[in-house]
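J.: Below: one structure in structure tokens.
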Amino acid sequence: MKTDFVVQTPNFEGPLDALLSLIEKRKLYINDISLAKVTADYIQFIANNDESITNKAEFLTIASTLVLAKSKSLLPEMMTMEEEEEISELEDRLRAFQLIKEQGGVLAGIFGKQPLFFPQVTKSQTTESVFAPGTTLTKTLLAEKAQAAIVVLPEDTLPTANIEKIVSLEEEIERLERRCRKVASLSFSSAVRSGNRQDKVVLFIAILELSKTGIIRLEQSSMFSDIMIYSQ
Amino acid sequence: MNQLTAKIESLLFYTQEAMSVKEIAKLCGESAGEVETALAKLKEKLAESGLALVTTDKSAQLVTSPNFSDFISEIREEEINTDLTEAQSEALATVAYLAPVQKVRIDFIRGVNSRAVLRNLSVRGLVSRRTADGVSTYDLTPEALAHLGITEKKELPDYEETREKLEAFSEPEEPSLEVEE
Amino acid sequence: MNQLTAKIESLLFYTQEAMSVKEIAKLCGESAGEVETALAKLKEKLAESGLALVTTDKSAQLVTSPNFSDFISEIREEEINTDLTEAQSEALATVAYLAPVQKVRIDFIRGVNSRAVLRNLSVRGLVSRRTADGVSTYDLTPEALAHLGITEKKELPDYEETREKLEAFSEPEEPSLEVEE
């Protein structure tokens, strides 16, 4: 699972950004074959940067689609229509994102270079001086408005995302390590927390990580049978 | 120049702000259709002058002509912040090519929640949010067009082509990041 | 329309001020004679439009056409003889507690561009703009202070405390806003 793609301090905006950069790094076009090729890179990327990845749920959702693409490359005939669609939707999202990134670059390039200007703020053309405060203006009103501005500001900078809580990869690796120390072997199906695909993907990545470091050994007796996990 | 066109020119010059077709129609006592025709004429008439008309789907505003952008840049008072972060330019491009566009679609295309970056672009006066029939959409402001040196969205680089491709690629099946603002 | 005529038109539109022939000539890099010729052409060209050029012996200014003076007067009356809108009182409060304050900070605090609102407050005689070292700032006018029944801004309710809190939030380049979540 060694790849040449090692990023210590990722500054990717999100999973599509990270994935696109993996594909472009290998000079691949966006298609299901490329997705299968970069699945391992992507999973490694998540494993390496688990702590610094903020929108974990989105990263894992895409990991799960990539695992599908990987299975498709191995067993194309086993794909359901729905799974095929999921893969092709990810391809489309990547294409849209790639286009947006390109055009975003174009816009950033012309932004502010040849601007059109609005007139400066002035009184109107008439020179007569006017004083028209209306009937509501008092110092109390100003104090209230200023207070209102203060109350509104800090709240707006707080994150309000309410995405589903996702098991962190690190937690999962630790949990698996602990369990492996207690028992000689366990099956993938008994180790997974729920039927939720994201939980399965996290566990899958975790066992790949642990097998890489030699802490566990994996065995699958036949295609689609349960994966057995043995502690070393 | 016809009377209504000239009248609208004087109005836009006086108010110095982006005015909606509806507002202009009301103040001039004319129909929205007539105002739209007059705005198109005004835009054409200004082509060779020192001014230009920036138009969005809903509004019109007078600005200096693209021909004198370098000249006015030299004498301008307020520095324009010309930096766009990666996130800002992506979000701005999404709004530019797909407007009017919902936040959920921007999130879907970028693969991340765009709440913070959209707020940031709003604060800079580059995008605006409009709510109609309970649906909020984002669009470029006249300021954004002016900063990009264009008077309407159609003048964006590769506008039609990019919009079509994005339309084809980015139809979200369901909202993937439902975060209410 | 010739190039210099259009250039001067864009300049006068941008500054919205009466400018001397000498000043215009210097900014455009042309002789006073050429500027005068161009101004005469501009005046003629604007004859049928919504704008007009007012010239004195020494200066020129772009204004709305006399043909629409009744129309514009009405708009102006309507604009100032109403109570302050939410947006206007909010912007005025920001100016009151932070003055002298730049537009970019007002924009940041309010989360929207305040151009039109500041212009309205200027027309009403409530705020004034002053430019020093190329930086424009806004402040309350003496008339506004008098209307509020105070002799200086410090007499506004909770002045020091409110000002400090607003200042803490009013860094336009706030990095935390760039952070995606």
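Convention: chains lettered A, B, ... in structure tokens order; per-chain residue numbering from 1; ligands numbered from 1 as shown.
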Pull the strand (DSSP E) assignments for region 36-140 of chain B out of DSSP run on the backbone, and list those residues as a count of residues only.

T.: 23

J.: Please, which residues of region 36-159 of chain B, numbered as in this document, come out alpha helix (DSSP H) from DSSP, as number ranges by chain?

T.: B: 36-46, 69-75, 86-98, 103-110, 115-123, 142-147, 159

J.: Would you kindly report the residues of chain C within 6 Å of chain B, using only C-alpha atoms, as a PyMOL selection string?

T.: chain C and resi 6-7+9-10+49-51+64+108+111-113+116+134+177

J.: With only C-alpha atoms as the basis for distance, which of C:Ala38, C:Val21, C:Ile106, C:Leu92 is at the shortest distance from Asp57 (chain C)?

T.: C:Val21

J.: Compile a residue-level contact table for chain A against chain C at a cut-off of 6 Å, reporting for every qualifying residue the shortest atom pair and its distance in Å to one decimal, with only C-alpha atoms counted, rows ordered by chain and ascending number, as a Markdown table.

T.:
```
| residue | atom | partner | partner_atom | distance |
| --- | --- | --- | --- | --- |
| A:Pro119 | CA | C:Tyr14 | CA | 4.1 |
| A:Gln120 | CA | C:Thr15 | CA | 5.7 |
| A:Val121 | CA | C:Arg119 | CA | 5.7 |
| A:Lys123 | CA | C:Val123 | CA | 4.9 |
| A:Val130 | CA | C:Gly125 | CA | 5.8 |
| A:Phe131 | CA | C:Gly125 | CA | 4.8 |
| A:Ala132 | CA | C:Arg124 | CA | 4.8 |
| A:Gly134 | CA | C:Asp83 | CA | 4.2 |
| A:Thr135 | CA | C:Asp83 | CA | 5.8 |
| A:Thr138 | CA | C:Leu148 | CA | 5.5 |
| A:Lys139 | CA | C:Leu148 | CA | 5.6 |
| A:Leu142 | CA | C:Ala93 | CA | 4.6 |
| A:Lys145 | CA | C:Glu90 | CA | 5.3 |
| A:Ala146 | CA | C:Ala93 | CA | 5.4 |
```

J.: Quick one: residues within 8 Å of region 178-184 of chain A, only C-alpha atoms counted, chain neighbours fewer than 6 positions away excluded, as a list in words?

T.: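 After dropping sequence-adjacent residues, the list is Ile216, Tyr230 and Ser231 of chain A.
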
J.: Enter the distance from CA of Phe59 (chain A) to CA of Leu16 (chain A), in Å, rounded to one decimal.

T.: 8.2 Å
